[in-house]
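Taking it in order: structure first as structure tokens, then the write-up.
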Amino acid sequence: MAKKRKTVKGSWSKEELGLLKKLFPNRKTREVADELGRSYKSVEMKATKMGLKKSKKYLKLLGRA
């Protein structure tokens, strides 16, 4: 089982934004949140503000495309 990271609050670093941009399209939002040590909601909101979307390939894998 993955280690629970302390939840980060506040501004997003350039590294976090880069990782979000890389991971978000092809992974579960919960996994991305855990990886970044951020809440699910903060990841979801930041991805929306950045215009990030799940990839067609990922959605197809989930049976949503």
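Within each chain, counting starts at residue 1; across the structure tokens, chains are named A, B, ... in the order shown, with ligands numbered 1 upward in that order.
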Quick one: residues within 10 Å of segment 7-15 of chain A, only C-alpha atoms, excluding same-chain residues fewer than 5 positions away - as a ChimeraX atom specification? /A:20-21,33-34,36-39,42,46
Would you save the residues of that selection, restricted to C-alpha atoms, as a compact mmCIF listing (two decimals), in the first residue's frame?
```txt
# COMPACT_ATOMS: atom_id res chain seq x y z
CA LEU A 20 -0.04 17.50 -12.86
CA LYS A 21 0.13 18.26 -16.58
CA ALA A 33 -3.77 13.73 -5.80
CA ASP A 34 -1.99 11.10 -3.69
CA LEU A 36 1.19 15.23 -5.28
CA GLY A 37 0.08 15.12 -1.64
CA ARG A 38 -2.90 17.32 -2.52
CA SER A 39 -6.61 16.84 -1.99
CA SER A 42 -7.69 20.79 -5.32
CA LYS A 46 -6.43 23.09 -10.73
```
Which of chain A fall in helix (DSSP H, G or I), as a PyMOL selection string: chain A and resi 14-26+29-36+40-50+56-61
Store the residues picked out above, limited to C-alpha atoms, as a compact mmCIF listing (two decimals), in the first residue's frame.
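part_5.txt written:
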```txt
# COMPACT_ATOMS: atom_id res chain seq x y z
CA LYS A 14 6.35 24.73 -11.07
CA GLU A 15 7.33 21.11 -10.42
CA GLU A 16 3.85 20.23 -9.16
CA LEU A 17 2.21 21.91 -12.14
CA GLY A 18 4.48 20.01 -14.52
CA LEU A 19 3.69 16.73 -12.81
CA LEU A 20 -0.04 17.50 -12.86
CA LYS A 21 0.13 18.26 -16.58
CA LYS A 22 2.00 15.00 -17.20
CA LEU A 23 -0.04 12.67 -14.98
CA PHE A 24 -3.60 13.98 -15.10
CA PRO A 25 -4.59 12.90 -18.64
CA ASN A 26 -3.77 9.22 -18.14
CA THR A 29 -7.50 11.90 -10.28
CA ARG A 30 -7.23 10.22 -6.85
CA GLU A 31 -3.84 8.72 -7.81
CA VAL A 32 -2.58 12.09 -9.02
CA ALA A 33 -3.77 13.73 -5.80
CA ASP A 34 -1.99 11.10 -3.69
CA GLU A 35 1.19 11.47 -5.75
CA LEU A 36 1.19 15.23 -5.28
CA TYR A 40 -8.74 15.32 -4.73
CA LYS A 41 -10.75 18.53 -5.00
CA SER A 42 -7.69 20.79 -5.32
CA VAL A 43 -6.28 18.60 -8.11
CA GLU A 44 -9.63 18.54 -9.87
CA MET A 45 -10.01 22.33 -9.65
CA LYS A 46 -6.43 23.09 -10.73
CA ALA A 47 -6.70 20.70 -13.70
CA THR A 48 -9.92 22.41 -14.75
CA LYS A 49 -8.35 25.87 -14.47
CA MET A 50 -5.40 24.66 -16.56
CA LYS A 56 -9.31 9.75 -25.17
CA LYS A 57 -7.18 6.63 -24.70
CA TYR A 58 -7.68 6.73 -20.92
CA LEU A 59 -11.43 7.34 -21.22
CA LYS A 60 -11.72 4.45 -23.68
CA LEU A 61 -9.92 2.23 -21.17
```
